>>> print(open('final23.cif').read())   # mmCIF, C-alpha atoms
data_entry
loop_
_atom_site.group_PDB
_atom_site.id
_atom_site.type_symbol
_atom_site.label_atom_id
_atom_site.label_comp_id
_atom_site.auth_asym_id
_atom_site.auth_seq_id
_atom_site.Cartn_x
_atom_site.Cartn_y
_atom_site.Cartn_z
ATOM 1 C CA MET C 1 -12.184 7.943 -23.196
ATOM 2 C CA PHE C 2 -12.775 5.202 -20.610
ATOM 3 C CA GLU C 3 -13.932 6.720 -17.358
ATOM 4 C CA PRO C 4 -13.313 4.380 -14.417
ATOM 5 C CA ASP C 5 -16.269 3.261 -12.379
ATOM 6 C CA VAL C 6 -14.298 4.183 -9.268
ATOM 7 C CA ARG C 7 -11.305 6.524 -9.087
ATOM 8 C CA GLY C 8 -9.204 6.197 -5.954
ATOM 9 C CA LYS C 9 -6.172 8.154 -4.871
ATOM 10 C CA VAL C 10 -3.936 5.924 -6.984
ATOM 11 C CA ARG C 11 -6.046 3.159 -8.533
ATOM 12 C CA ASP C 12 -8.751 3.324 -11.169
ATOM 13 C CA ILE C 13 -11.310 0.520 -11.068
ATOM 14 C CA TYR C 14 -13.296 -0.700 -14.061
ATOM 15 C CA ASP C 15 -16.313 -2.930 -13.447
ATOM 16 C CA LEU C 16 -16.313 -5.822 -15.925
ATOM 17 C CA GLY C 17 -19.437 -7.505 -14.631
ATOM 18 C CA ASP C 18 -18.171 -10.636 -12.935
ATOM 19 C CA SER C 19 -14.682 -9.229 -12.331
ATOM 20 C CA LEU C 20 -12.795 -5.946 -11.949
ATOM 21 C CA LEU C 21 -9.891 -4.341 -13.776
ATOM 22 C CA LEU C 22 -7.596 -2.516 -11.344
ATOM 23 C CA VAL C 23 -5.192 -0.006 -12.893
ATOM 24 C CA ALA C 24 -2.466 1.466 -10.693
ATOM 25 C CA THR C 25 -1.628 4.941 -11.956
ATOM 26 C CA ASP C 26 1.403 7.038 -11.111
ATOM 27 C CA ARG C 27 -0.653 9.476 -9.057
ATOM 28 C CA VAL C 28 0.685 10.254 -5.615
ATOM 29 C CA SER C 29 -1.172 11.391 -2.520
ATOM 30 C CA ALA C 30 0.098 12.993 0.644
ATOM 31 C CA PHE C 31 -1.743 14.262 3.701
ATOM 32 C CA ASP C 32 -4.992 12.958 2.167
ATOM 33 C CA ARG C 33 -4.581 15.053 -0.996
ATOM 34 C CA VAL C 34 -3.924 13.810 -4.522
ATOM 35 C CA LEU C 35 -1.100 15.884 -5.984
ATOM 36 C CA ASP C 36 -1.004 17.389 -9.461
ATOM 37 C CA ASP C 37 2.310 15.672 -10.215
ATOM 38 C CA VAL C 38 2.919 11.977 -10.804
ATOM 39 C CA ILE C 39 5.808 9.717 -9.807
ATOM 40 C CA PRO C 40 7.139 7.895 -12.897
ATOM 41 C CA TYR C 41 6.552 4.118 -12.846
ATOM 42 C CA LYS C 42 5.094 4.199 -9.342
ATOM 43 C CA GLY C 43 1.949 2.355 -10.395
ATOM 44 C CA GLU C 44 3.946 -0.332 -12.145
ATOM 45 C CA VAL C 45 6.077 -0.871 -9.061
ATOM 46 C CA LEU C 46 2.962 -1.170 -6.881
ATOM 47 C CA THR C 47 1.358 -3.708 -9.198
ATOM 48 C CA ARG C 48 4.410 -5.844 -9.828
ATOM 49 C CA LEU C 49 5.297 -5.933 -6.137
ATOM 50 C CA SER C 50 1.735 -6.973 -5.281
ATOM 51 C CA LEU C 51 1.932 -9.760 -7.868
ATOM 52 C CA PHE C 52 5.232 -10.907 -6.376
ATOM 53 C CA TRP C 53 3.785 -11.073 -2.872
ATOM 54 C CA PHE C 54 0.542 -12.743 -3.983
ATOM 55 C CA GLN C 55 2.614 -15.572 -5.405
ATOM 56 C CA LEU C 56 5.054 -15.797 -2.509
ATOM 57 C CA LEU C 57 2.301 -15.839 0.120
ATOM 58 C CA ALA C 58 -0.168 -18.083 -1.716
ATOM 59 C CA ASP C 59 0.318 -20.902 0.803
ATOM 60 C CA ILE C 60 -0.753 -18.594 3.628
ATOM 61 C CA THR C 61 -3.840 -16.996 2.104
ATOM 62 C CA ASP C 62 -5.828 -17.060 -1.103
ATOM 63 C CA ASN C 63 -6.102 -13.790 -3.012
ATOM 64 C CA HIS C 64 -8.369 -12.157 -5.563
ATOM 65 C CA LEU C 65 -6.030 -12.256 -8.573
ATOM 66 C CA ILE C 66 -7.252 -13.698 -11.873
ATOM 67 C CA SER C 67 -4.547 -12.508 -14.273
ATOM 68 C CA ALA C 68 -2.057 -9.745 -15.019
ATOM 69 C CA ASP C 69 -1.353 -10.988 -18.550
ATOM 70 C CA CYS C 70 -2.088 -8.519 -21.368
ATOM 71 C CA ALA C 71 -3.443 -11.439 -23.412
ATOM 72 C CA ASP C 72 -6.307 -11.678 -20.907
ATOM 73 C CA LEU C 73 -7.386 -8.036 -21.177
ATOM 74 C CA PRO C 74 -11.026 -7.612 -22.232
ATOM 75 C CA ALA C 75 -11.432 -6.648 -25.898
ATOM 76 C CA ARG C 76 -12.187 -2.972 -25.274
ATOM 77 C CA PHE C 77 -8.958 -2.575 -23.288
ATOM 78 C CA ALA C 78 -6.748 -4.553 -25.663
ATOM 79 C CA PRO C 79 -5.777 -1.469 -27.757
ATOM 80 C CA TYR C 80 -4.203 0.012 -24.601
ATOM 81 C CA ALA C 81 -2.123 -3.021 -23.681
ATOM 82 C CA GLU C 82 1.156 -1.107 -24.039
ATOM 83 C CA GLU C 83 -0.014 1.573 -21.590
ATOM 84 C CA LEU C 84 -1.446 -0.980 -19.163
ATOM 85 C CA ALA C 85 1.379 -3.515 -19.212
ATOM 86 C CA GLY C 86 2.735 -4.087 -15.739
ATOM 87 C CA ARG C 87 0.206 -1.904 -13.953
ATOM 88 C CA PHE C 88 -3.115 -3.759 -14.141
ATOM 89 C CA MET C 89 -4.710 -6.732 -12.457
ATOM 90 C CA LEU C 90 -7.858 -8.595 -13.406
ATOM 91 C CA VAL C 91 -9.371 -9.642 -10.104
ATOM 92 C CA LYS C 92 -12.389 -11.407 -8.718
ATOM 93 C CA LYS C 93 -15.112 -9.235 -7.292
ATOM 94 C CA ALA C 94 -14.972 -9.452 -3.536
ATOM 95 C CA GLN C 95 -17.285 -8.292 -0.797
ATOM 96 C CA MET C 96 -14.706 -6.149 0.985
ATOM 97 C CA PHE C 97 -14.526 -5.950 4.760
ATOM 98 C CA PRO C 98 -14.937 -2.342 5.980
ATOM 99 C CA VAL C 99 -11.676 -2.287 7.951
ATOM 100 C CA GLU C 100 -7.994 -1.779 7.211
ATOM 101 C CA CYS C 101 -6.032 -4.651 8.723
ATOM 102 C CA ILE C 102 -2.904 -2.925 10.026
ATOM 103 C CA VAL C 103 0.019 -4.825 11.509
ATOM 104 C CA ARG C 104 2.837 -3.028 13.323
ATOM 105 C CA GLY C 105 6.144 -4.712 14.025
ATOM 106 C CA TYR C 106 7.915 -1.515 15.071
ATOM 107 C CA LEU C 107 6.873 1.587 16.970
ATOM 108 C CA THR C 108 6.552 4.645 14.739
ATOM 109 C CA GLY C 109 4.024 6.979 13.110
ATOM 110 C CA SER C 110 0.626 7.355 14.744
ATOM 111 C CA GLY C 111 1.396 4.432 17.040
ATOM 112 C CA LEU C 112 4.404 6.265 18.439
ATOM 113 C CA LYS C 113 2.339 9.396 19.052
ATOM 114 C CA GLU C 114 -0.253 7.466 21.044
ATOM 115 C CA TYR C 115 2.464 5.617 22.968
ATOM 116 C CA GLN C 116 4.112 8.906 23.919
ATOM 117 C CA ARG C 117 0.774 10.211 25.218
ATOM 118 C CA GLN C 118 -0.494 7.162 27.097
ATOM 119 C CA GLY C 119 1.874 4.210 26.815
ATOM 120 C CA SER C 120 -0.250 2.213 24.398
ATOM 121 C CA VAL C 121 -0.976 1.664 20.704
ATOM 122 C CA CYS C 122 -4.655 1.388 19.785
ATOM 123 C CA GLY C 123 -5.370 0.616 23.413
ATOM 124 C CA ILE C 124 -2.714 -2.129 23.655
ATOM 125 C CA ALA C 125 -0.390 -1.355 26.571
ATOM 126 C CA LEU C 126 3.335 -1.465 25.811
ATOM 127 C CA PRO C 127 6.426 -1.489 28.057
ATOM 128 C CA ALA C 128 7.991 1.793 29.102
ATOM 129 C CA GLY C 129 11.150 3.067 27.492
ATOM 130 C CA LEU C 130 10.388 2.422 23.829
ATOM 131 C CA VAL C 131 11.540 4.963 21.247
ATOM 132 C CA ASP C 132 10.844 5.813 17.634
ATOM 133 C CA GLY C 133 11.725 2.728 15.608
ATOM 134 C CA SER C 134 11.793 0.253 18.502
ATOM 135 C CA ARG C 135 11.006 -3.290 17.443
ATOM 136 C CA LEU C 136 7.999 -4.608 19.330
ATOM 137 C CA SER C 137 8.225 -7.894 21.216
ATOM 138 C CA ARG C 138 5.479 -9.210 18.940
ATOM 139 C CA PRO C 139 3.650 -7.705 15.956
ATOM 140 C CA LEU C 140 0.491 -5.830 16.905
ATOM 141 C CA TYR C 141 -2.784 -6.048 14.991
ATOM 142 C CA THR C 142 -4.245 -2.537 15.080
ATOM 143 C CA PRO C 143 -7.167 -2.180 12.657
ATOM 144 C CA SER C 144 -8.613 1.076 11.411
ATOM 145 C CA THR C 145 -11.707 2.288 9.633
ATOM 146 C CA LYS C 146 -11.682 2.930 5.877
ATOM 147 C CA ALA C 147 -12.055 6.595 5.012
ATOM 148 C CA ASP C 148 -13.183 8.276 1.810
ATOM 149 C CA ILE C 149 -10.688 10.337 -0.193
ATOM 150 C CA GLY C 150 -9.862 13.483 1.766
ATOM 151 C CA ASP C 151 -10.812 11.954 5.115
ATOM 152 C CA HIS C 152 -8.619 10.222 7.673
ATOM 153 C CA ASP C 153 -8.736 6.552 8.632
ATOM 154 C CA GLU C 154 -9.394 6.179 12.336
ATOM 155 C CA ASN C 155 -7.648 3.635 14.534
ATOM 156 C CA VAL C 156 -10.077 1.336 16.362
ATOM 157 C CA ASP C 157 -9.638 -1.427 18.909
ATOM 158 C CA TYR C 158 -10.182 -5.110 18.228
ATOM 159 C CA ALA C 159 -13.510 -5.101 20.074
ATOM 160 C CA TYR C 160 -14.806 -2.610 17.504
ATOM 161 C CA THR C 161 -14.072 -5.058 14.678
ATOM 162 C CA GLU C 162 -15.778 -7.873 16.574
ATOM 163 C CA ALA C 163 -18.910 -5.762 16.922
ATOM 164 C CA LEU C 164 -18.738 -4.701 13.278
ATOM 165 C CA LEU C 165 -17.836 -8.019 11.629
ATOM 166 C CA GLY C 166 -18.720 -10.685 14.143
ATOM 167 C CA ALA C 167 -16.289 -12.612 16.339
ATOM 168 C CA SER C 168 -15.428 -15.290 13.751
ATOM 169 C CA ASP C 169 -14.576 -12.963 10.853
ATOM 170 C CA ALA C 170 -12.740 -10.514 13.110
ATOM 171 C CA ALA C 171 -10.548 -13.322 14.443
ATOM 172 C CA GLU C 172 -9.892 -14.687 10.946
ATOM 173 C CA LEU C 173 -8.768 -11.291 9.634
ATOM 174 C CA ARG C 174 -6.466 -10.814 12.604
ATOM 175 C CA GLU C 175 -4.888 -14.252 12.218
ATOM 176 C CA ARG C 176 -4.365 -13.879 8.481
ATOM 177 C CA ALA C 177 -2.967 -10.370 8.732
ATOM 178 C CA LEU C 178 -0.460 -11.396 11.393
ATOM 179 C CA ALA C 179 0.541 -14.541 9.482
ATOM 180 C CA VAL C 180 1.071 -12.650 6.222
ATOM 181 C CA TYR C 181 3.037 -9.883 7.917
ATOM 182 C CA THR C 182 5.285 -12.332 9.764
ATOM 183 C CA ALA C 183 6.105 -14.306 6.619
ATOM 184 C CA ALA C 184 6.724 -11.158 4.589
ATOM 185 C CA HIS C 185 8.810 -9.539 7.335
ATOM 186 C CA ASP C 186 11.056 -12.583 7.591
ATOM 187 C CA TYR C 187 11.472 -12.791 3.822
ATOM 188 C CA ALA C 188 12.239 -9.068 3.433
ATOM 189 C CA ALA C 189 14.769 -9.199 6.269
ATOM 190 C CA GLY C 190 16.782 -11.581 4.136
ATOM 191 C CA ARG C 191 16.723 -8.984 1.355
ATOM 192 C CA GLY C 192 17.958 -6.094 3.502
ATOM 193 C CA ILE C 193 14.556 -4.489 4.158
ATOM 194 C CA ILE C 194 12.657 -4.050 7.411
ATOM 195 C CA ILE C 195 8.876 -4.016 7.017
ATOM 196 C CA ALA C 196 8.042 -1.761 9.947
ATOM 197 C CA ASP C 197 4.284 -1.876 9.456
ATOM 198 C CA THR C 198 1.742 -2.476 6.730
ATOM 199 C CA LYS C 199 -1.955 -2.560 5.987
ATOM 200 C CA PHE C 200 -3.943 -5.313 4.307
ATOM 201 C CA GLU C 201 -7.428 -5.466 2.887
ATOM 202 C CA PHE C 202 -9.489 -8.629 2.784
ATOM 203 C CA GLY C 203 -12.734 -9.538 1.093
ATOM 204 C CA ARG C 204 -15.004 -12.503 0.626
ATOM 205 C CA VAL C 205 -15.304 -14.390 -2.684
ATOM 206 C CA ASP C 206 -17.742 -17.300 -2.932
ATOM 207 C CA GLY C 207 -17.808 -17.523 0.850
ATOM 208 C CA ALA C 208 -14.025 -17.620 1.262
ATOM 209 C CA ILE C 209 -11.882 -14.829 2.712
ATOM 210 C CA VAL C 210 -9.168 -13.618 0.327
ATOM 211 C CA LEU C 211 -6.377 -11.050 0.372
ATOM 212 C CA ALA C 212 -7.262 -8.171 -1.964
ATOM 213 C CA ASP C 213 -6.195 -4.800 -3.351
ATOM 214 C CA GLU C 214 -2.447 -4.074 -3.170
ATOM 215 C CA VAL C 215 -0.164 -5.854 -0.745
ATOM 216 C CA LEU C 216 3.165 -4.985 0.864
ATOM 217 C CA THR C 217 4.085 -2.042 -1.347
ATOM 218 C CA PRO C 218 5.781 1.260 -0.480
ATOM 219 C CA ASP C 219 2.304 2.845 -0.532
ATOM 220 C CA SER C 220 0.778 0.411 1.961
ATOM 221 C CA SER C 221 3.845 -0.258 4.109
ATOM 222 C CA ARG C 222 6.845 1.313 5.772
ATOM 223 C CA PHE C 223 9.989 -0.200 4.285
ATOM 224 C CA TRP C 224 13.246 0.666 6.056
ATOM 225 C CA PRO C 225 16.752 -0.343 4.953
ATOM 226 C CA GLN C 226 18.361 -2.672 7.496
ATOM 227 C CA ASP C 227 21.669 -0.968 6.836
ATOM 228 C CA GLY C 228 21.633 2.080 9.075
ATOM 229 C CA TYR C 229 18.576 1.071 11.136
ATOM 230 C CA GLU C 230 18.864 2.758 14.517
ATOM 231 C CA PRO C 231 16.032 2.935 17.083
ATOM 232 C CA GLY C 232 15.558 6.408 18.490
ATOM 233 C CA ALA C 233 16.117 8.162 15.178
ATOM 234 C CA SER C 234 14.017 8.831 12.106
ATOM 235 C CA GLN C 235 14.578 5.933 9.718
ATOM 236 C CA ALA C 236 15.350 6.170 6.025
ATOM 237 C CA SER C 237 12.532 4.736 3.941
ATOM 238 C CA PHE C 238 11.607 3.385 0.513
ATOM 239 C CA ASP C 239 8.471 5.397 -0.098
ATOM 240 C CA LYS C 240 7.144 8.905 -0.703
ATOM 241 C CA GLN C 241 8.898 10.431 2.305
ATOM 242 C CA TYR C 242 10.715 12.859 0.004
ATOM 243 C CA VAL C 243 7.296 14.140 -1.047
ATOM 244 C CA ARG C 244 6.012 14.472 2.513
ATOM 245 C CA ASP C 245 9.160 16.213 3.725
ATOM 246 C CA TRP C 246 9.131 18.719 0.873
ATOM 247 C CA LEU C 247 5.453 19.507 1.399
ATOM 248 C CA VAL C 248 5.933 20.024 5.139
ATOM 249 C CA ALA C 249 8.664 22.556 4.361
ATOM 250 C CA ASN C 250 6.888 24.321 1.488
ATOM 251 C CA TRP C 251 3.118 24.091 2.054
ATOM 252 C CA ASP C 252 0.794 25.465 4.738
ATOM 253 C CA MET C 253 -1.635 22.538 4.329
ATOM 254 C CA GLN C 254 -4.279 24.853 2.894
ATOM 255 C CA GLY C 255 -5.844 24.403 -0.561
ATOM 256 C CA GLN C 256 -4.268 22.256 -3.257
ATOM 257 C CA PRO C 257 -0.618 21.308 -2.605
ATOM 258 C CA PRO C 258 2.039 23.050 -4.743
ATOM 259 C CA ARG C 259 3.766 21.385 -7.695
ATOM 260 C CA LEU C 260 6.728 19.211 -6.795
ATOM 261 C CA PRO C 261 10.266 20.024 -7.933
ATOM 262 C CA HIS C 262 11.785 17.685 -10.509
ATOM 263 C CA GLU C 263 14.428 16.436 -8.075
ATOM 264 C CA VAL C 264 11.792 15.362 -5.535
ATOM 265 C CA ILE C 265 9.852 13.491 -8.206
ATOM 266 C CA GLU C 266 12.956 11.701 -9.493
ATOM 267 C CA ALA C 267 14.234 10.811 -6.022
ATOM 268 C CA THR C 268 10.843 9.375 -5.039
ATOM 269 C CA SER C 269 10.618 7.306 -8.222
ATOM 270 C CA ALA C 270 14.113 5.961 -7.579
ATOM 271 C CA LYS C 271 13.153 4.867 -4.062
ATOM 272 C CA TYR C 272 10.110 2.932 -5.309
ATOM 273 C CA ILE C 273 12.238 1.191 -7.918
ATOM 274 C CA GLN C 274 14.951 0.409 -5.373
ATOM 275 C CA ALA C 275 12.391 -1.245 -3.097
ATOM 276 C CA PHE C 276 11.155 -3.385 -6.005
ATOM 277 C CA GLU C 277 14.660 -4.505 -6.896
ATOM 278 C CA LEU C 278 15.693 -5.343 -3.337
ATOM 279 C CA ILE C 279 12.545 -7.329 -2.567
ATOM 280 C CA THR C 280 12.215 -9.238 -5.838
ATOM 281 C CA GLY C 281 15.898 -9.570 -6.675
ATOM 282 C CA ASP C 282 15.100 -8.469 -10.242
ATOM 283 C CA LYS C 283 16.299 -5.434 -12.156
ATOM 284 C CA PHE C 284 13.363 -3.121 -12.813
ATOM 285 C CA LYS C 285 12.644 -2.870 -16.523
ATOM 286 C CA PRO C 286 9.452 -0.934 -17.309
ATOM 287 C CA LEU C 287 6.849 -2.991 -19.119
ATOM 288 C CA GLY C 288 4.587 -0.067 -19.997
ATOM 289 C CA TYR C 289 4.451 3.710 -19.967
ATOM 290 C CA SER C 290 4.320 6.124 -17.047
ATOM 291 C CA ILE C 291 0.685 7.244 -17.007
ATOM 292 C CA GLN C 292 -1.648 9.277 -14.837
ATOM 293 C CA GLY C 293 -4.446 6.854 -15.446
ATOM 294 C CA GLU C 294 -6.970 8.012 -18.017
ATOM 295 C CA LEU C 295 -7.492 5.670 -20.967
ATOM 296 C CA TYR C 296 -8.378 6.979 -24.400
#
>>> encode(input="final23.cif", output="structure tokens")
Amino acid sequence: MFEPDVRGKVRDIYDLGDSLLLVATDRVSAFDRVLDDVIPYKGEVLTRLSLFWFQLLADITDNHLISADCADLPARFAPYAEELAGRFMLVKKAQMFPVECIVRGYLTGSGLKEYQRQGSVCGIALPAGLVDGSRLSRPLYTPSTKADIGDHDENVDYAYTEALLGASDAAELRERALAVYTAAHDYAAGRGIIIADTKFEFGRVDGAIVLADEVLTPDSSRFWPQDGYEPGASQASFDKQYVRDWLVANWDMQGQPPRLPHEVIEATSAKYIQAFELITGDKFKPLGYSIQGELY
């Protein structure tokens, strides 16, 4: 059995010395808990979408990708190529910045809650009269801290990142995050998807800042269908909202969450696959197996 060097909520990370092997499992988390059930093919969707975006956005920012080809798997992982196909990335080791680079193009989620209390998002004042789902006049860069599993990320203002990272790096992360979001938002709009908000992670490799981890997936972003978009109402989404809604209705938020019904699992998997197909324009054909993540 290959135990990962780091096990995240969804990804398992294997240290290869001068590089890392990232494996996206089908685990699902909600309300900072990892559930006992998995969402079939979720990890493959996350990986293949990230690969798509890395390629599409390569002119805007470098990234940490080395290869996602099974032929490039290290020898000890080669026997598991069928399980890993489509859900792994070999990446350069990066010195990761200790902030989540969040960009919001629309008012919703925690940003909406703050706006309703005090008319701002992460300290950035906004006009009166906005509602849930309102498109902002310009995308907002609203970074947050990175929390351990089970803890919450905390929104911080830009001055915090300047103090933490230095003025030059803080400005570079903000510029790159906004540029990547804008390009991705405009592309997705042509595919019938609104990217309401998203989070990026950046690191440094050989002195250069690169885009790392996953990018613009249903786990890291809010994807809304353009068809039916209506400010002032709760928007349909291409993510694990089925899971969240069912848990809110059937769990008191104490202890380990209950097992998910089959129909919730299947509906969530279908939404992830639909997002992949709309964004890439390709029919989703699984390359590997649906796995929870452990390698034997």
>>> resolve_selection(input="final23.cif", expression="the PyMOL selection byres ((chain C and resi 110-112) around 8)", output="list in words")
Leu107, Thr108, Gly109, Lys113, Glu114, Tyr115, Gln116, Ser120, Val121, Cys122, Val131 and Asp132 of chain C
>>> closest_residue(input="final23.cif", among="C:Ser67, C:Thr25, C:Gln226, C:Gln235", to="Gln55 (chain C)", atoms="all atoms listed in the file")
C:Ser67
>>> residues_around(input="final23.cif", residues="Val103 (chain C)", least_positions_apart="5", cutoff="9 Å", atoms="only C-alpha atoms", output="VMD selection string")
chain C and resid 139 to 143 174 177 to 178 181 196 to 200
>>> residues_around(input="final23.cif", residues="region 3-20 of chain C", least_positions_apart="6", cutoff="7 Å", atoms="all atoms listed in the file", output="mmCIF file with C-alpha atoms, keeping the file's coordinate frame")
data_model
loop_
_atom_site.group_PDB
_atom_site.id
_atom_site.type_symbol
_atom_site.label_atom_id
_atom_site.label_comp_id
_atom_site.auth_asym_id
_atom_site.auth_seq_id
_atom_site.Cartn_x
_atom_site.Cartn_y
_atom_site.Cartn_z
ATOM 1 C CA ASP C 26 1.403 7.038 -11.111
ATOM 2 C CA ARG C 27 -0.653 9.476 -9.057
ATOM 3 C CA VAL C 28 0.685 10.254 -5.615
ATOM 4 C CA SER C 29 -1.172 11.391 -2.520
ATOM 5 C CA VAL C 34 -3.924 13.810 -4.522
ATOM 6 C CA LEU C 90 -7.858 -8.595 -13.406
ATOM 7 C CA VAL C 91 -9.371 -9.642 -10.104
ATOM 8 C CA LYS C 92 -12.389 -11.407 -8.718
ATOM 9 C CA LYS C 93 -15.112 -9.235 -7.292
ATOM 10 C CA ILE C 149 -10.688 10.337 -0.193
#
>>> closest_residue(input="final23.cif", among="C:Pro127, C:Phe2, C:Phe31, C:Arg176", to="Asp252 (chain C)", atoms="all atoms listed in the file")
C:Phe31
>>> closest_residue(input="final23.cif", among="C:Thr268, C:Gly255, C:Lys240, C:Gly203", to="Ser220 (chain C)", atoms="only C-alpha atoms")
C:Lys240
>>> axis_aligned_box(input="final23.cif", around="region 38-48 of chain C", padding_each_side="4 Å", output="JSON")
{"center_x": 4.2, "center_y": 3.1, "center_z": -9.9, "size_x": 13.8, "size_y": 25.8, "size_z": 14.0}
>>> closest_residue(input="final23.cif", among="C:Ile39, C:Asp157, C:Ser134, C:Ser221", to="Glu263 (chain C)", atoms="all atoms listed in the file")
C:Ile39
>>> resolve_selection(input="final23.cif", expression="the PyMOL selection byres ((chain C and resi 202) around 8)", output="list in words")
Met96, Phe97, Cys101, Leu173, Phe200, Glu201, Gly203, Arg204, Ile209, Val210, Leu211, Ala212 and Asp213 of chain C
>>> resolve_selection(input="final23.cif", expression="the PyMOL selection byres ((chain C and resi 48) around 10)", output="list in words")
Gly43, Glu44, Val45, Leu46, Thr47, Leu49, Ser50, Leu51, Phe52, Trp53, Phe54, Ala68, Gly86, Arg87, Phe88, Met89, Glu214, Thr217, Phe276, Thr280 and Phe284 of chain C
>>> atom_distance(input="final23.cif", atom1="CA of Glu154 (chain C)", atom2="CA of Arg222 (chain C)")
18.2 Å
